[in-house]
Each structure stands twice: as C-alpha cells, then as structure tokens.
Amino acid sequence: WHAYRAIKTIFDHEDNLVKCSYDTSNTWELIKSHFEIETRPDMLEYCYAKFQKSFYAKLCQKMSIAARNGDELCKNIFFEGGQLLARMILALLPRASKELINTGFLSILCVGSVWLSWDLLKGGFIKELHDSNIKLELRLLKLRTGISMAVGSIYMAADHVNFPLPR
C-alpha cells in the first residue's frame, strides 16, 4: 500500500489531478532508482508484465529510510498507513468474537514487514483510534517464535478444549 500510495501521489501530482502539498522530488527519485526507470511511462511495465508484489514492497524499505531522514512526503505516507491499519481494525471489530470483546481488550497479532516501520506508522494509528473514540484496549503483539501463525491456531484450539498450553 505504501509503495502504491507513493507512486499514485507522484502521478496525481504530475497530472495536476491532486497537487501534493509536499515536495515530491525525493520520493520520485526513490521510485525511479528502485524500478530503474527514467519516466512515468516506464513504470507501466512494472504495473503489468513485470508486476511483483515483493519487489514493490522493497520500495517501502527505501521510503522508510527517507522518512526517518526527514522526507515529509514519505513521513506522511507512513502516517496515513498507520491510519489505514487502525481503520482496518475498527472495520473488523463488529465481527470479533464477543468472548474476546467482553474481556475489555483485544489482542492483535502484528505479522509482516510493515510492522518494521511501526515508529513511522504509530502516530497515524493512534490518532485514528483516538478520533474513533474506541472504548476497547488494543494490545499489539509480535510473535517471538519463527514459526508461522499456525502457533496462534494451536493456542486457540487448546483454549477451546480447556487445555492449559503454556505460552
């Protein structure tokens, strides 16, 4: 999402569709360098024939460095990304198990490389939750094991049959 947002922001700005209030030059240079392109039409190949999600995602790492070095556009994109993560949680809350909600808190397992940029996402995440007036405590958790999310399924199954599996 972050890479897409950066590219879309640049294109919209250049097309005079949505003018960006931040300097776009550094972010555009990051995009050109990452994709080894010179012009916007060169980007089309990576949107269709050469599209690889993992390759797009690697642009985020470069954007996070730029954001930490003060690039305002990249910082804003990560802020918006934090808001979007919070909105996703808020959208799913009505479908969460009542047993989980009745505890007064909800644990959220944070999986994926996007969480490596938590310092950049946190402000938007907290603002969105604050503005929503959510009454539930959220606990963001990170697995300490290299095992897949199947571990969580095992714990849930153990809880379901009242088996005291150590955590």
# chains A, B, ... in the order shown; residues from 1 in each chain; ligands from 1
$ residues_around --residues "Gly81 of chain A" --least-positions-apart "5" --cutoff "10 Å" --atoms "only C-alpha atoms" --output "list of chain:residue names"
A:Trp1, A:His2, A:Arg5, A:Lys75, A:Asn76, A:Ala86, A:Arg87, A:Val114, A:Leu120, A:Leu121, A:Lys122, A:Gly123, A:Gly124, A:Phe125
$ residues_around --residues "segment 97-110 of chain A" --least-positions-apart "6" --cutoff "6 Å" --atoms "only C-alpha atoms" --output "PyMOL selection string"
chain A and resi 136-142
$ residues_around --residues "Ser117 of chain A" --least-positions-apart "5" --cutoff "9 Å" --atoms "only C-alpha atoms" --output "mmCIF file with C-alpha atoms, in the first residue's frame"
data_model
loop_
_atom_site.group_PDB
_atom_site.id
_atom_site.type_symbol
_atom_site.label_atom_id
_atom_site.label_comp_id
_atom_site.auth_asym_id
_atom_site.auth_seq_id
_atom_site.Cartn_x
_atom_site.Cartn_y
_atom_site.Cartn_z
ATOM 1 C CA GLN A 61 12.207 -0.012 2.944
ATOM 2 C CA SER A 64 11.151 4.315 5.497
ATOM 3 C CA PHE A 78 3.538 6.181 6.650
ATOM 4 C CA LYS A 122 2.333 4.794 15.191
#
$ select_by_dssp --residues "chain A" --states "strand (DSSP E)" --output "PyMOL selection string"
chain A and resi 105-109+137-141
$ write_last_selection --atoms "all heavy atoms" --output "CSV table (one decimal), in the first residue's frame"
chain,number,residue,atom,x,y,z
A,105,PHE,N,-10.3,-6.0,26.3
A,105,PHE,CA,-9.2,-5.7,25.5
A,105,PHE,C,-9.2,-6.7,24.3
A,105,PHE,O,-9.9,-7.8,24.4
A,105,PHE,CB,-7.9,-5.8,26.2
A,105,PHE,CG,-7.5,-7.2,26.7
A,105,PHE,CD1,-6.8,-8.1,25.9
A,105,PHE,CD2,-7.9,-7.6,28.0
A,105,PHE,CE1,-6.4,-9.3,26.4
A,105,PHE,CE2,-7.6,-8.9,28.5
A,105,PHE,CZ,-6.8,-9.7,27.7
A,106,LEU,N,-8.5,-6.4,23.3
A,106,LEU,CA,-8.4,-7.2,22.1
A,106,LEU,C,-6.9,-7.3,21.7
A,106,LEU,O,-6.3,-6.3,21.5
A,106,LEU,CB,-9.2,-6.7,21.0
A,106,LEU,CG,-9.3,-7.5,19.7
A,106,LEU,CD1,-9.9,-8.9,20.0
A,106,LEU,CD2,-10.0,-6.8,18.6
A,107,SER,N,-6.4,-8.5,21.7
A,107,SER,CA,-5.0,-8.7,21.3
A,107,SER,C,-5.0,-8.9,19.7
A,107,SER,O,-5.8,-9.6,19.1
A,107,SER,CB,-4.5,-10.0,21.9
A,107,SER,OG,-4.4,-9.9,23.3
A,108,ILE,N,-4.0,-8.1,19.1
A,108,ILE,CA,-3.8,-8.2,17.7
A,108,ILE,C,-2.4,-8.6,17.4
A,108,ILE,O,-1.5,-8.0,17.9
A,108,ILE,CB,-4.1,-6.8,17.1
A,108,ILE,CG1,-5.5,-6.3,17.4
A,108,ILE,CG2,-3.8,-6.7,15.6
A,108,ILE,CD1,-5.8,-4.9,17.2
A,109,LEU,N,-2.3,-9.7,16.6
A,109,LEU,CA,-1.0,-10.2,16.3
A,109,LEU,C,-0.5,-9.4,15.0
A,109,LEU,O,-1.1,-9.4,14.0
A,109,LEU,CB,-1.2,-11.7,15.9
A,109,LEU,CG,0.1,-12.5,15.7
A,109,LEU,CD1,1.1,-12.4,16.9
A,109,LEU,CD2,-0.2,-13.9,15.3
A,137,GLU,N,-9.4,-1.6,24.8
A,137,GLU,CA,-8.0,-1.6,24.8
A,137,GLU,C,-7.4,-2.5,23.8
A,137,GLU,O,-7.9,-3.7,23.7
A,137,GLU,CB,-7.4,-2.0,26.2
A,137,GLU,CG,-5.9,-2.0,26.3
A,137,GLU,CD,-5.4,-2.6,27.6
A,137,GLU,OE1,-6.1,-2.4,28.6
A,137,GLU,OE2,-4.3,-3.1,27.6
A,138,LEU,N,-6.5,-2.1,23.0
A,138,LEU,CA,-5.9,-2.9,22.0
A,138,LEU,C,-4.5,-3.3,22.4
A,138,LEU,O,-3.8,-2.4,22.9
A,138,LEU,CB,-5.9,-2.2,20.6
A,138,LEU,CG,-7.2,-1.8,20.0
A,138,LEU,CD1,-7.0,-1.1,18.6
A,138,LEU,CD2,-8.1,-3.0,19.8
A,139,ARG,N,-4.2,-4.5,22.3
A,139,ARG,CA,-2.8,-5.0,22.6
A,139,ARG,C,-2.2,-5.5,21.3
A,139,ARG,O,-2.6,-6.5,20.8
A,139,ARG,CB,-2.8,-6.1,23.7
A,139,ARG,CG,-3.4,-5.5,25.0
A,139,ARG,CD,-3.4,-6.6,26.0
A,139,ARG,NE,-4.0,-6.1,27.3
A,139,ARG,CZ,-4.3,-6.8,28.3
A,139,ARG,NH1,-4.0,-8.1,28.3
A,139,ARG,NH2,-4.8,-6.3,29.4
A,140,LEU,N,-1.1,-4.8,20.9
A,140,LEU,CA,-0.4,-5.2,19.7
A,140,LEU,C,0.7,-6.2,20.1
A,140,LEU,O,1.5,-5.9,20.9
A,140,LEU,CB,0.2,-4.0,19.0
A,140,LEU,CG,-0.8,-2.9,18.6
A,140,LEU,CD1,-0.1,-1.8,17.9
A,140,LEU,CD2,-1.9,-3.5,17.7
A,141,LEU,N,0.6,-7.4,19.5
A,141,LEU,CA,1.5,-8.5,19.9
A,141,LEU,C,2.4,-8.9,18.7
A,141,LEU,O,1.9,-8.9,17.6
A,141,LEU,CB,0.7,-9.7,20.4
A,141,LEU,CG,-0.3,-9.5,21.5
A,141,LEU,CD1,-1.0,-10.8,21.8
A,141,LEU,CD2,0.4,-9.0,22.8
$ atom_distance --atom1 "atom CA of Ala57 of chain A" --atom2 "atom CA of Ile7 of chain A"
12.1 Å
$ select_by_dssp --residues "segment 31-148 of chain A" --states "helix (DSSP H, G or I)" --output "VMD selection string"
chain A and resid 31 to 35 40 to 47 53 to 68 72 to 95 98 to 101 113 to 132
$ residues_around --residues "Lys58 of chain A" --least-positions-apart "5" --cutoff "10 Å" --atoms "only C-alpha atoms" --output "VMD selection string"
chain A and resid 3 34 53 63 113
$ atom_distance --atom1 "atom CA of Pro166 of chain A" --atom2 "atom CA of Ile89 of chain A"
27.4 Å
$ residues_around --residues "Asp23 of chain A" --least-positions-apart "2" --cutoff "7 Å" --atoms "only C-alpha atoms" --output "PyMOL selection string"
chain A and resi 21+25+73
$ write_last_selection --atoms "all heavy atoms" --output "mmCIF file, in the first residue's frame"
data_model
loop_
_atom_site.group_PDB
_atom_site.id
_atom_site.type_symbol
_atom_site.label_atom_id
_atom_site.label_comp_id
_atom_site.auth_asym_id
_atom_site.auth_seq_id
_atom_site.Cartn_x
_atom_site.Cartn_y
_atom_site.Cartn_z
ATOM 1 N N SER A 21 1.010 18.587 -1.323
ATOM 2 C CA SER A 21 1.497 19.735 -0.555
ATOM 3 C C SER A 21 2.940 19.549 -0.093
ATOM 4 O O SER A 21 3.512 20.453 0.505
ATOM 5 C CB SER A 21 0.580 19.995 0.642
ATOM 6 O OG SER A 21 0.511 18.854 1.465
ATOM 7 N N SER A 25 10.002 15.516 -5.175
ATOM 8 C CA SER A 25 11.212 15.196 -5.951
ATOM 9 C C SER A 25 12.010 14.030 -5.362
ATOM 10 O O SER A 25 12.450 13.137 -6.096
ATOM 11 C CB SER A 25 12.094 16.424 -6.124
ATOM 12 O OG SER A 25 12.482 16.940 -4.871
ATOM 13 N N LEU A 73 7.023 13.859 2.531
ATOM 14 C CA LEU A 73 6.047 13.053 1.792
ATOM 15 C C LEU A 73 6.074 11.615 2.287
ATOM 16 O O LEU A 73 5.027 11.028 2.573
ATOM 17 C CB LEU A 73 6.299 13.116 0.282
ATOM 18 C CG LEU A 73 5.411 12.217 -0.585
ATOM 19 C CD1 LEU A 73 3.927 12.457 -0.318
ATOM 20 C CD2 LEU A 73 5.741 12.414 -2.057
#
$ atom_distance --atom1 "atom CA of Ala91 of chain A" --atom2 "atom CA of Leu59 of chain A"
27.5 Å
$ closest_residue --among "A:Glu45, A:Asp119, A:Glu80, A:Asp12" --to "Ile65 of chain A" --atoms "only C-alpha atoms"
A:Asp119
